[in-house]
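Novice: Below is protein-v4.cif; it holds mmCIF, C-alpha atoms.
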data_target
#
loop_
_atom_site.label_atom_id
_atom_site.label_comp_id
_atom_site.auth_asym_id
_atom_site.auth_seq_id
_atom_site.Cartn_x
_atom_site.Cartn_y
_atom_site.Cartn_z
CA MET A 767 -75.92 0.95 -52.15
CA LYS A 768 -73.74 3.84 -50.95
CA ILE A 769 -75.89 4.29 -47.83
CA ARG A 770 -75.67 0.57 -46.99
CA PHE A 771 -71.90 0.75 -47.36
CA LEU A 772 -71.75 3.69 -44.94
CA ILE A 773 -73.83 1.73 -42.41
CA LEU A 774 -71.42 -1.20 -42.69
CA PHE A 775 -68.52 1.16 -42.10
CA SER A 776 -70.19 2.63 -39.03
CA LEU A 777 -70.73 -0.81 -37.52
CA LEU A 778 -67.10 -1.79 -38.01
CA GLY A 779 -65.79 1.43 -36.50
CA PHE A 780 -63.32 3.79 -38.12
CA ASN A 781 -60.24 2.84 -36.08
CA GLY A 782 -60.51 -0.90 -36.79
CA PHE A 783 -61.51 -0.58 -40.42
CA SER A 784 -58.01 -1.06 -41.89
CA GLN A 785 -57.51 -4.39 -40.15
CA GLN A 786 -61.02 -5.59 -40.93
CA MET A 787 -60.75 -4.80 -44.62
CA GLY A 788 -57.16 -5.82 -45.21
CA ALA A 789 -55.68 -2.55 -46.53
CA GLN A 790 -51.97 -2.34 -45.70
CA ALA A 791 -50.06 0.89 -45.16
CA ASN A 792 -46.83 -0.67 -46.45
CA TYR A 793 -48.39 -1.81 -49.73
CA LYS A 794 -46.62 -0.20 -52.69
CA LEU A 795 -48.83 0.76 -55.60
CA VAL A 796 -47.82 -0.66 -58.98
CA SER A 797 -47.70 2.29 -61.38
CA GLY A 798 -46.23 0.71 -64.48
CA GLY A 799 -44.71 4.12 -65.19
CA ASP A 800 -48.12 5.75 -65.68
CA TRP A 801 -49.70 7.19 -62.54
CA VAL A 802 -52.80 8.43 -64.37
CA LYS A 803 -53.56 4.89 -65.47
CA ALA A 804 -52.71 3.31 -62.13
CA LYS A 805 -54.70 5.73 -59.98
CA ASN A 806 -57.81 5.61 -62.18
CA TYR A 807 -57.83 2.03 -63.44
CA TYR A 808 -55.73 0.04 -61.00
CA LEU A 809 -57.00 -3.43 -61.90
CA LEU A 810 -56.34 -2.83 -65.60
CA THR A 811 -52.85 -1.63 -64.70
CA LEU A 812 -52.27 -4.83 -62.74
CA PHE A 813 -53.57 -6.92 -65.65
CA GLU A 814 -50.90 -5.31 -67.83
CA GLN A 815 -48.06 -5.34 -65.31
CA ASN A 816 -48.48 -8.78 -63.71
CA GLU A 817 -46.86 -11.21 -66.13
CA ALA A 818 -48.67 -14.31 -64.83
CA VAL A 819 -52.08 -12.65 -65.14
CA LYS A 820 -51.24 -11.13 -68.50
CA LYS A 821 -50.21 -14.55 -69.82
CA LEU A 822 -53.45 -16.09 -68.55
CA LEU A 823 -55.61 -13.43 -70.19
CA LYS A 824 -53.73 -13.43 -73.49
CA SER A 825 -53.84 -17.22 -73.79
CA ASP A 826 -57.56 -17.57 -73.11
CA PRO A 827 -59.46 -18.14 -76.39
CA GLU A 828 -62.50 -16.13 -75.29
CA PHE A 829 -60.44 -13.10 -74.30
CA VAL A 830 -58.40 -13.40 -77.52
CA LYS A 831 -61.64 -13.36 -79.53
CA LEU A 832 -62.88 -10.34 -77.57
CA ALA A 833 -59.60 -8.49 -78.16
CA GLN A 834 -59.64 -9.19 -81.88
CA ALA A 835 -63.24 -8.04 -82.22
CA LYS A 836 -62.52 -4.80 -80.35
CA TYR A 837 -59.47 -4.02 -82.46
CA LYS A 838 -61.43 -4.69 -85.66
CA ALA A 839 -64.23 -2.38 -84.51
CA VAL A 840 -61.78 0.46 -83.86
CA GLN A 841 -60.04 -0.15 -87.19
CA ALA A 842 -63.33 -0.28 -89.08
CA SER A 843 -64.48 2.99 -87.55
CA LEU A 844 -61.78 4.80 -89.53
CA THR A 845 -63.71 4.12 -92.75
CA GLU A 846 -67.25 3.73 -91.44
CA CYS A 847 -67.58 6.81 -89.20
CA LYS A 848 -68.55 10.03 -90.95
CA GLU A 849 -69.18 12.10 -87.82
CA ALA A 850 -66.73 13.00 -85.06
CA LEU A 851 -68.54 11.42 -82.13
CA CYS A 852 -68.97 8.10 -83.92
CA LEU A 853 -65.24 7.40 -83.49
CA PRO A 854 -64.96 7.55 -79.68
CA GLU A 855 -68.26 5.68 -79.37
CA LYS A 856 -66.67 2.71 -81.16
CA GLN A 857 -63.74 2.80 -78.73
CA LYS A 858 -65.91 2.33 -75.64
CA LEU A 859 -66.49 -1.06 -74.08
CA THR A 860 -70.07 -2.15 -74.78
CA GLY A 861 -72.33 -3.54 -72.09
CA ASP A 862 -72.11 -6.97 -73.72
CA GLU A 863 -68.31 -6.83 -73.79
CA ILE A 864 -68.15 -5.86 -70.11
CA GLN A 865 -70.50 -8.70 -69.18
CA MET A 866 -68.64 -11.22 -71.32
CA ALA A 867 -65.38 -10.28 -69.62
CA SER A 868 -67.01 -10.52 -66.19
CA ASN A 869 -68.26 -14.01 -66.96
CA ARG A 870 -64.87 -15.07 -68.27
CA LEU A 871 -63.02 -13.73 -65.22
CA ARG A 872 -65.36 -15.75 -63.01
CA ALA A 873 -64.68 -18.86 -65.05
CA LEU A 874 -60.90 -18.41 -64.98
CA TYR A 875 -60.57 -17.39 -61.33
CA LYS A 876 -59.18 -19.90 -58.85
CA PRO A 877 -57.94 -19.06 -55.35
CA ASP A 878 -54.50 -20.47 -56.12
CA ASN A 879 -54.00 -19.29 -59.71
CA ALA A 880 -52.69 -15.97 -61.06
CA LEU A 881 -56.03 -14.18 -60.63
CA GLY A 882 -56.47 -15.49 -57.08
CA ASN A 883 -52.98 -14.34 -56.16
CA LEU A 884 -53.66 -10.93 -57.71
CA VAL A 885 -56.66 -10.44 -55.44
CA LYS A 886 -54.77 -11.58 -52.34
CA THR A 887 -51.50 -9.75 -52.93
CA HIS A 888 -52.72 -6.59 -54.68
CA LEU A 889 -56.44 -5.80 -54.76
CA ILE A 890 -57.09 -6.37 -51.06
CA PRO A 891 -53.92 -4.87 -49.53
CA SER A 892 -53.97 -1.89 -51.90
CA GLY A 893 -57.35 -0.73 -50.58
CA MET A 894 -58.09 0.72 -54.02
CA TYR A 895 -61.37 -1.22 -54.16
CA ILE A 896 -62.05 -1.21 -50.43
CA LYS A 897 -65.80 -0.71 -50.90
CA TYR A 898 -65.93 -4.30 -52.22
CA SER A 899 -63.72 -5.80 -49.52
CA ASN A 900 -66.60 -7.60 -47.82
CA GLU A 901 -67.28 -9.51 -51.05
CA GLU A 902 -65.96 -12.95 -51.91
CA PRO A 903 -62.57 -12.63 -53.66
CA VAL A 904 -63.92 -13.54 -57.10
CA ASP A 905 -66.74 -11.00 -56.68
CA LEU A 906 -64.22 -8.33 -55.65
CA LEU A 907 -62.27 -9.10 -58.84
CA VAL A 908 -65.34 -8.82 -61.05
CA LYS A 909 -66.64 -5.66 -59.39
CA ALA A 910 -63.21 -4.04 -59.75
CA TRP A 911 -63.20 -4.96 -63.45
CA GLU A 912 -66.68 -3.56 -63.97
CA GLN A 913 -65.77 -0.35 -62.14
CA ASP A 914 -62.67 0.17 -64.27
CA ALA A 915 -64.49 -0.67 -67.50
CA ASN A 916 -67.39 1.68 -66.81
CA TYR A 917 -65.09 4.53 -65.87
CA VAL A 918 -62.90 4.04 -68.93
CA ASN A 919 -66.13 4.71 -70.83
CA TYR A 920 -66.88 7.68 -68.56
CA THR A 921 -63.52 9.28 -69.37
CA ILE A 922 -64.04 8.81 -73.11
CA GLY A 923 -67.52 10.28 -72.74
CA VAL A 924 -66.30 13.45 -71.01
CA TYR A 925 -63.00 14.10 -72.78
CA ALA A 926 -63.86 12.95 -76.31
CA GLU A 927 -67.65 13.20 -76.59
CA GLY A 928 -67.99 16.32 -74.47
CA ASN A 929 -70.30 14.88 -71.82
CA LYS A 930 -70.82 16.98 -68.71
CA PRO A 931 -68.38 16.19 -65.85
CA ASN A 932 -69.26 16.59 -62.18
CA TYR A 933 -67.81 20.12 -62.10
CA PRO A 934 -67.98 21.61 -65.63
CA GLN A 935 -66.47 24.99 -64.72
CA VAL A 936 -63.08 23.45 -63.90
CA ASP A 937 -63.11 19.91 -65.36
CA SER A 938 -64.77 20.09 -68.78
CA ILE A 939 -63.39 19.13 -72.21
CA SER A 940 -60.92 21.52 -73.88
CA PHE A 941 -62.51 21.36 -77.34
CA ASP A 942 -65.73 22.34 -79.08
CA VAL A 943 -67.10 18.99 -80.22
CA LYS A 944 -69.50 20.72 -82.63
CA ARG A 945 -66.89 22.52 -84.67
CA LYS A 946 -66.22 21.18 -88.14
CA GLY A 947 -62.55 20.43 -87.53
CA TYR A 948 -63.30 18.17 -84.55
CA LEU A 949 -63.83 15.23 -86.90
CA ASN A 950 -60.20 15.54 -87.99
CA LEU A 951 -58.99 15.47 -84.39
CA MET A 952 -61.10 12.41 -83.55
CA TYR A 953 -59.96 10.64 -86.71
CA ASP A 954 -56.31 11.25 -85.84
CA CYS A 955 -56.93 9.99 -82.29
CA ALA A 956 -58.65 6.87 -83.61
CA THR A 957 -55.73 6.24 -85.94
CA ASP A 958 -53.29 6.51 -83.06
CA ILE A 959 -55.40 4.14 -80.93
CA ALA A 960 -55.65 1.59 -83.73
CA GLU A 961 -51.92 1.68 -84.39
CA SER A 962 -50.95 1.44 -80.72
CA ASN A 963 -53.05 -1.69 -80.17
CA LYS A 964 -51.88 -3.85 -83.03
CA SER A 965 -49.72 -6.13 -80.90
CA GLU A 966 -51.11 -5.57 -77.38
CA GLY A 967 -53.55 -8.46 -77.28
CA LEU A 968 -55.35 -7.58 -74.03
CA PHE A 969 -59.07 -7.28 -74.59
CA PHE A 970 -59.52 -3.87 -72.96
CA ALA A 971 -56.44 -2.19 -74.43
CA PRO A 972 -58.07 -0.12 -77.21
CA SER A 973 -60.61 1.37 -74.79
CA LEU A 974 -58.09 2.02 -72.02
CA ASN A 975 -55.62 3.62 -74.40
CA ALA A 976 -58.39 5.79 -75.80
CA ALA A 977 -59.31 7.08 -72.34
CA LEU A 978 -55.68 7.88 -71.54
CA LEU A 979 -55.12 9.57 -74.90
CA TYR A 980 -58.13 11.84 -74.44
CA LEU A 981 -56.93 12.89 -71.00
CA GLU A 982 -53.56 13.71 -72.53
CA ILE A 983 -54.78 15.84 -75.43
CA ASN A 984 -57.08 17.70 -73.03
CA GLU A 985 -54.09 18.45 -70.76
CA ARG A 986 -55.84 16.54 -67.97
CA ARG A 987 -53.09 14.27 -66.65
CA ASN A 988 -53.31 15.99 -63.25
CA ALA A 989 -53.47 12.69 -61.36
CA SER A 990 -49.78 12.13 -62.18
CA PHE A 991 -48.54 15.49 -60.87
CA TYR A 992 -45.59 15.16 -58.46
CA GLU A 993 -45.83 11.35 -58.38
CA PRO A 994 -44.27 9.33 -56.86
CA MET A 995 -44.47 11.87 -54.04
CA ALA A 996 -43.12 9.66 -51.24
CA SER A 997 -39.77 9.41 -52.99
CA THR A 998 -39.66 12.93 -54.44
CA ALA A 999 -41.66 15.96 -53.24
CA ASN A 1000 -42.54 14.45 -49.84
CA LYS A 1001 -39.47 12.30 -49.28
CA LEU A 1002 -38.10 14.29 -46.34
CA ALA A 1003 -41.39 14.03 -44.47
CA ALA A 1004 -42.06 10.41 -45.43
CA ASP A 1005 -38.62 9.41 -44.15
CA LYS A 1006 -39.18 11.26 -40.87
CA VAL A 1007 -42.54 9.68 -39.95
CA SER A 1008 -41.04 6.57 -38.37
CA LYS A 1009 -38.84 8.71 -36.09
CA VAL A 1010 -41.65 10.82 -34.61
CA LYS A 1011 -42.55 10.39 -30.93
CA TRP A 1012 -46.30 10.59 -31.46
CA ALA A 1013 -47.17 10.82 -27.76
CA SER A 1014 -45.54 14.26 -27.74
CA TYR A 1015 -48.25 15.73 -29.98
CA PRO A 1016 -52.03 16.02 -29.59
CA TYR A 1017 -52.53 15.69 -33.37
CA SER A 1018 -50.93 13.56 -36.05
CA HIS A 1019 -50.85 16.47 -38.50
CA ILE A 1020 -52.43 19.77 -39.50
CA LEU A 1021 -54.42 19.84 -42.74
CA VAL A 1022 -54.63 23.12 -44.70
CA PRO A 1023 -57.08 23.08 -47.64
CA GLY A 1024 -56.12 25.33 -50.54
CA ALA A 1025 -57.92 28.38 -51.90
CA GLY A 1026 -57.38 29.01 -55.59
CA PRO A 1027 -56.87 32.53 -56.97
CA ASP A 1028 -59.35 34.07 -59.41
CA ASN A 1029 -56.88 34.75 -62.22
CA LEU A 1030 -54.22 32.87 -64.19
CA THR A 1031 -51.26 34.99 -63.09
CA THR A 1032 -51.51 34.82 -59.28
CA PRO A 1033 -49.68 31.78 -57.80
CA LEU A 1034 -51.26 31.86 -54.32
CA SER A 1035 -54.41 33.66 -53.26
CA GLY A 1036 -54.60 35.94 -50.26
CA GLU A 1037 -56.99 33.51 -48.61
CA GLY A 1038 -54.48 30.73 -49.15
CA MET A 1039 -51.80 32.78 -47.43
CA LEU A 1040 -54.05 33.45 -44.44
CA ARG A 1041 -54.85 29.75 -44.05
CA CYS A 1042 -51.13 28.97 -44.13
CA ARG A 1043 -50.41 31.59 -41.48
CA ALA A 1044 -53.07 30.15 -39.17
CA ALA A 1045 -51.64 26.66 -39.65
CA ALA A 1046 -48.09 27.87 -39.03
CA ARG A 1047 -49.15 29.25 -35.65
CA GLN A 1048 -50.55 25.86 -34.69
CA TYR A 1049 -47.39 24.10 -35.90
CA PHE A 1050 -45.04 26.36 -33.93
CA ALA A 1051 -47.28 25.86 -30.89
CA GLY A 1052 -46.33 22.17 -31.05
CA LYS A 1053 -49.73 20.82 -32.02
CA ALA A 1054 -48.44 18.40 -34.69
CA PRO A 1055 -45.16 17.33 -36.32
CA PHE A 1056 -46.41 17.81 -39.90
CA VAL A 1057 -48.53 20.17 -41.96
CA VAL A 1058 -50.32 18.80 -45.04
CA VAL A 1059 -51.13 21.47 -47.61
CA SER A 1060 -53.83 20.24 -49.97
CA GLY A 1061 -55.04 21.53 -53.31
CA GLY A 1062 -54.61 20.78 -57.01
CA SER A 1063 -54.32 22.84 -60.16
CA VAL A 1064 -57.97 23.83 -60.15
CA HIS A 1065 -58.91 27.52 -60.14
CA PRO A 1066 -59.24 29.21 -62.50
CA TYR A 1067 -59.91 26.83 -65.42
CA LYS A 1068 -56.68 25.39 -66.84
CA THR A 1069 -54.43 27.18 -64.34
CA LYS A 1070 -50.78 26.17 -64.40
CA TYR A 1071 -50.30 26.87 -60.70
CA ASN A 1072 -50.75 24.17 -58.08
CA GLU A 1073 -52.29 25.21 -54.76
CA ALA A 1074 -50.36 22.73 -52.60
CA ALA A 1075 -47.01 23.48 -54.23
CA GLU A 1076 -47.51 27.22 -53.86
CA MET A 1077 -48.63 26.90 -50.23
CA LYS A 1078 -45.54 24.89 -49.39
CA LYS A 1079 -43.31 27.52 -51.00
CA TYR A 1080 -45.00 30.15 -48.84
CA MET A 1081 -44.86 28.15 -45.63
CA VAL A 1082 -41.19 27.23 -46.01
CA GLY A 1083 -39.91 30.37 -47.71
CA THR A 1084 -41.93 33.06 -45.91
CA LEU A 1085 -43.26 31.48 -42.71
CA HIS A 1086 -40.03 29.51 -42.08
CA LEU A 1087 -41.45 26.05 -41.41
CA PRO A 1088 -38.83 23.34 -41.98
CA ASP A 1089 -39.02 21.66 -45.37
CA TYR A 1090 -39.43 18.21 -43.82
CA ALA A 1091 -42.51 19.32 -41.90
CA VAL A 1092 -44.63 20.38 -44.90
CA ILE A 1093 -46.25 17.64 -46.99
CA ILE A 1094 -47.90 18.47 -50.30
CA GLU A 1095 -51.15 16.88 -51.43
CA PRO A 1096 -51.33 18.36 -54.95
CA HIS A 1097 -54.39 16.65 -56.43
CA ALA A 1098 -57.56 17.61 -54.51
CA ARG A 1099 -60.06 19.65 -56.50
CA HIS A 1100 -62.75 20.07 -53.84
CA THR A 1101 -63.08 20.31 -50.05
CA THR A 1102 -64.35 16.73 -49.91
CA THR A 1103 -61.18 15.45 -51.52
CA ASN A 1104 -58.90 17.74 -49.51
CA ILE A 1105 -59.79 15.52 -46.57
CA ARG A 1106 -60.03 12.23 -48.49
CA ASN A 1107 -56.62 12.65 -50.12
CA ASP A 1108 -55.11 13.75 -46.81
CA VAL A 1109 -56.30 10.49 -45.23
CA ARG A 1110 -54.70 8.51 -48.05
CA LEU A 1111 -51.36 10.21 -47.49
CA ILE A 1112 -51.21 9.78 -43.74
CA PHE A 1113 -52.23 6.12 -44.06
CA ARG A 1114 -49.65 5.29 -46.72
CA TYR A 1115 -46.90 7.25 -44.95
CA GLY A 1116 -47.55 5.31 -41.74
CA MET A 1117 -48.96 8.01 -39.47
CA PRO A 1118 -51.23 6.78 -36.65
CA MET A 1119 -54.80 6.52 -37.93
CA ALA A 1120 -56.29 6.47 -34.43
CA LYS A 1121 -54.82 9.89 -33.64
CA PRO A 1122 -56.89 12.92 -34.65
CA GLY A 1123 -55.80 15.45 -37.20
CA LEU A 1124 -56.48 19.20 -37.11
CA ILE A 1125 -58.06 21.07 -40.02
CA VAL A 1126 -56.93 24.69 -40.06
CA THR A 1127 -58.69 26.99 -42.50
CA ASP A 1128 -61.03 30.00 -42.51
CA LYS A 1129 -64.31 30.10 -40.61
CA SER A 1130 -66.46 29.75 -43.71
CA GLN A 1131 -64.80 26.58 -44.93
CA ASN A 1132 -64.79 24.99 -41.48
CA ASP A 1133 -68.50 25.79 -41.20
CA GLY A 1134 -68.95 23.92 -44.48
CA ILE A 1135 -66.87 20.93 -43.38
CA ALA A 1136 -68.93 20.65 -40.21
CA ASN A 1137 -72.02 20.12 -42.40
CA MET A 1138 -70.54 18.30 -45.41
CA GLU A 1139 -71.71 14.72 -44.81
CA LYS A 1140 -74.50 14.74 -47.41
CA ARG A 1141 -72.20 16.18 -50.05
CA CYS A 1142 -69.59 13.50 -49.29
CA LEU A 1143 -72.19 10.74 -49.56
CA LYS A 1144 -73.41 12.12 -52.88
CA GLU A 1145 -69.98 12.64 -54.44
CA LEU A 1146 -67.86 9.92 -52.82
CA GLY A 1147 -70.34 7.40 -51.46
CA TYR A 1148 -68.98 7.72 -47.91
CA VAL A 1149 -67.75 10.35 -45.44
CA PRO A 1150 -63.91 10.36 -45.34
CA TYR A 1151 -63.68 11.70 -41.78
CA LYS A 1152 -65.30 11.61 -38.37
CA LEU A 1153 -65.52 15.05 -36.81
CA GLY A 1154 -64.06 15.87 -33.41
CA ASN A 1155 -64.28 19.15 -31.53
CA ARG A 1156 -64.46 22.61 -33.08
CA LEU A 1157 -61.64 24.29 -31.13
CA THR A 1158 -61.88 27.76 -32.69
CA GLU A 1159 -63.41 29.33 -35.76
CA THR A 1160 -60.36 28.23 -37.74
CA ALA A 1161 -59.42 24.90 -36.09
CA LEU A 1162 -61.48 21.69 -36.31
CA GLU A 1163 -60.53 18.21 -35.09
CA PHE A 1164 -61.18 15.17 -37.28
CA TYR A 1165 -60.44 11.46 -37.38
CA PRO A 1166 -59.44 9.78 -40.65
CA VAL A 1167 -61.58 7.08 -42.26
CA ILE A 1168 -59.79 4.32 -44.17
CA THR A 1169 -62.58 4.08 -46.75
CA SER A 1170 -60.81 7.05 -48.37
CA LEU A 1171 -58.54 4.62 -50.24
CA GLN A 1172 -61.39 3.74 -52.62
CA ILE A 1173 -60.85 4.94 -56.21
CA ASP A 1174 -63.28 7.68 -57.27
CA ALA A 1175 -63.09 7.00 -60.98
CA ASP A 1176 -65.61 9.56 -62.19
CA GLU A 1177 -63.05 12.22 -61.27
CA PRO A 1178 -60.17 11.17 -63.54
CA MET A 1179 -57.97 14.14 -62.61
CA ASP A 1180 -58.24 13.21 -58.93
CA PRO A 1181 -59.52 9.65 -58.59
#
Would you mind giving the structure from this file in structure tokens?

Specialist:
Amino acid sequence: MKIRFLILFSLLGFNGFSQQMGAQANYKLVSGGDWVKAKNYYLLTLFEQNEAVKKLLKSDPEFVKLAQAKYKAVQASLTECKEALCLPEKQKLTGDEIQMASNRLRALYKPDNALGNLVKTHLIPSGMYIKYSNEEPVDLLVKAWEQDANYVNYTIGVYAEGNKPNYPQVDSISFDVKRKGYLNLMYDCATDIAESNKSEGLFFAPSLNAALLYLEINERRNASFYEPMASTANKLAADKVSKVKWASYPYSHILVPGAGPDNLTTPLSGEGMLRCRAAARQYFAGKAPFVVVSGGSVHPYKTKYNEAAEMKKYMVGTLHLPDYAVIIEPHARHTTTNIRNDVRLIFRYGMPMAKPGLIVTDKSQNDGIANMEKRCLKELGYVPYKLGNRLTETALEFYPVITSLQIDADEPMDP
């Protein structure tokens, strides 16, 4: 399926993809005050935040019955479960529940009702489910629901049951699920979930709240860091984009991927400094009006330092770039998502997507990026860039791919 989607993308062409698929740069994401929820499970967030949709779902007898059954199952687990992992298992959405909800959404959907309007005014322009944008609207709705439901279960599996994440060395659970006291922690979590869902009424609420709670107790709410960036950490740059004379620059921006230190006390690695210095030279040479520094709180495990934030401090404070010229992208955990997240930022901030960007990093990483397509296809399902020329060992041209807007929900710290 992922390969077929890449072929479709190639046929459409990367510069025209935004118009073909309906994603809009001026669309404002609905966060509902919880960026972890919105970025991972956007449809479920919209179900909760859109009053017309919420009313439709809460008044439907089949969804009411499903909600009541789910709440009763979570409540019953408090007395029935004698082992720790039994409790989160009861909080997951079952295959039958997911299918029942899919069928009911199909039955309720009409192009001119609340669900139809949600697809037209939110799902399509947001680009969050852009891989389904060639589907009929009702199919897009159902596939988005099934994606969110399955990845709610994925999050519970990793951060409550201790399942293996994609990158265990940096993303794994914080607890030993085999220790005797883990049953007490899971019981207390189940109690909290049961209590918080007494009056909610939406059929997926116990499962969604469980996923979010487990991310919280594991200190894994990284997806919310620095949000909303366009009005806070990146406001100066975001405000300046519309004033830039783009014809004056060969590149829309310079991307600098981070390099995490190998200990918990060093804010910025030596390699990170060197990448920043190389990028600063390109900036002062007039190659682009902005520098995007990209990297999350990744290395080492459970570090409190953020690569992007520390790189910006260095570039502004030591290398003397103007504050408005340095944009932070503080969520990427891998080289693949350095580029993907960068594309998301430049699209949503209104930079020209047809203009190339310039990756500035060390030779080794640029060598890897030049041969990273298979890894991107395996981990993301698409390649978030089209390569241009390799100018030097440290500078590599690339073109952004709008498919990058798609949620990657099996990476809940950086979806």

Novice: Evaluate the PyMOL selection byres ((chain A and resi 1161) around 7) against this structure - the residues, as number ranges by chain, please.

Specialist: A: 1124-1127, 1156-1160, 1162-1163

Novice: Please put the answer as lines of an AutoDock Vina configuration file: centre and edge lengths, in Å with one decimal, of a box along x, y and z that encloses all listed atoms of segment 829-834 of chain A plus 8 Å on each side.

Specialist:
center_x = -60.6
center_y = -10.9
center_z = -78.1
size_x = 20.5
size_y = 20.9
size_z = 23.6

Novice: Could you state the separation of atom CA of Phe1050 of chain A and atom CA of Pro1088 of chain A in Å, given to one decimal place?

Specialist: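 For atom CA of Phe1050 of chain A relative to atom CA of Pro1088 of chain A, the distance reads 10.6 Å.
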
Novice: Leaving out Leu859 of chain A and any residue of its chain fewer than 4 positions from it, which residues lie within 8 Å of it when counting all atoms listed in the file, given as a ChimeraX atom specification?

Specialist: /A:863-864,915-916,919,970,973

Novice: So that I can check the surroundings of Pro1181 of chain A, please list as a short mmCIF file (atom, residue, chain, number, x, y, z; two decimals) with C-alpha atoms, in the coordinates of the input every protein, DNA and RNA residue that reaches within 8 Å of it, counting all atoms listed in the file and ignoring chain neighbours fewer than 4 positions away.

Specialist:
data_model
loop_
_atom_site.label_atom_id
_atom_site.label_comp_id
_atom_site.auth_asym_id
_atom_site.auth_seq_id
_atom_site.Cartn_x
_atom_site.Cartn_y
_atom_site.Cartn_z
CA LYS A 805 -54.70 5.73 -59.98
CA ASN A 806 -57.81 5.61 -62.18
CA ALA A 989 -53.47 12.69 -61.36
CA ILE A 1173 -60.85 4.94 -56.21
CA ASP A 1174 -63.28 7.68 -57.27
CA ALA A 1175 -63.09 7.00 -60.98
CA ASP A 1176 -65.61 9.56 -62.19
CA GLU A 1177 -63.05 12.22 -61.27
#

Novice: Report the residues retrieved by the PyMOL selection byres ((chain A and resi 798) around 9) from the displayed file, expressed as a list in words.

Specialist: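 So the PyMOL selection byres ((chain A and resi 798) around 9), applied here, picks out Val796, Ser797, Gly799, Asp800, Trp801, Lys803, Ala804, Thr811, Leu812, Glu814 and Gln815 of chain A.
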
Novice: Could you please determine the separation between atom CA of Leu871 of chain A and atom CA of Leu889 of chain A in Å, to one decimal place?

Specialist: 14.7 Å

Novice: Using only C-alpha atoms, which of A:Gln1172, A:Ser990, A:Thr1032, A:Thr1069 sits nearest Thr1103 of chain A?

Specialist: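 Closest candidate: A:Gln1172.
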
Novice: Please indicate the distance in Å from atom CA of Asn975 of chain A to atom CA of Val918 of chain A, rounded to one decimal place.

Specialist: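 Going from atom CA of Asn975 of chain A over to atom CA of Val918 of chain A, I get 9.1 Å.
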
Novice: Find the residues around Lys856 of chain A up to 9 Å (all atoms listed in the file counted), leave out those fewer than 2 positions away in its own chain, and share them as a list in words.

Specialist: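 Contacts, in chain order: Lys836, Ala839, Val840, Ser843, Leu851, Cys852, Leu853, Pro854, Lys858, Leu859, Thr860 and Ser973 of chain A.
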
Novice: Of the residues A:His1097, A:Lys1152, A:His1086, A:Arg986, which is the one nearest to Leu1111 of chain A, using all atoms listed in the file?

Specialist: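 Among A:His1097, A:Lys1152, A:His1086, A:Arg986, it is A:His1097 that comes nearest to Leu1111 of chain A.
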
Novice: Find, counting all atoms listed in the file, the residue in A:Ile959, A:Ala1091, A:Ala910, A:Met1117 that gets nearest to Ala999 of chain A.

Specialist: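 That would be A:Ala1091, the residue with the smallest distance to Ala999 of chain A.
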
Novice: With all atoms listed in the file as the atoms that count, which of A:Tyr1067, A:Gly861, A:Lys838, A:Asn1137 lies nearest to Ser940 of chain A?

Specialist: A:Tyr1067

Novice: Name all residues at most 7 Å from Lys1121 of chain A (count all atoms listed in the file; drop same-chain ones fewer than 6 positions away) and give them as JSON, numbers by chain.

Specialist: {"A": [1017, 1018, 1165]}
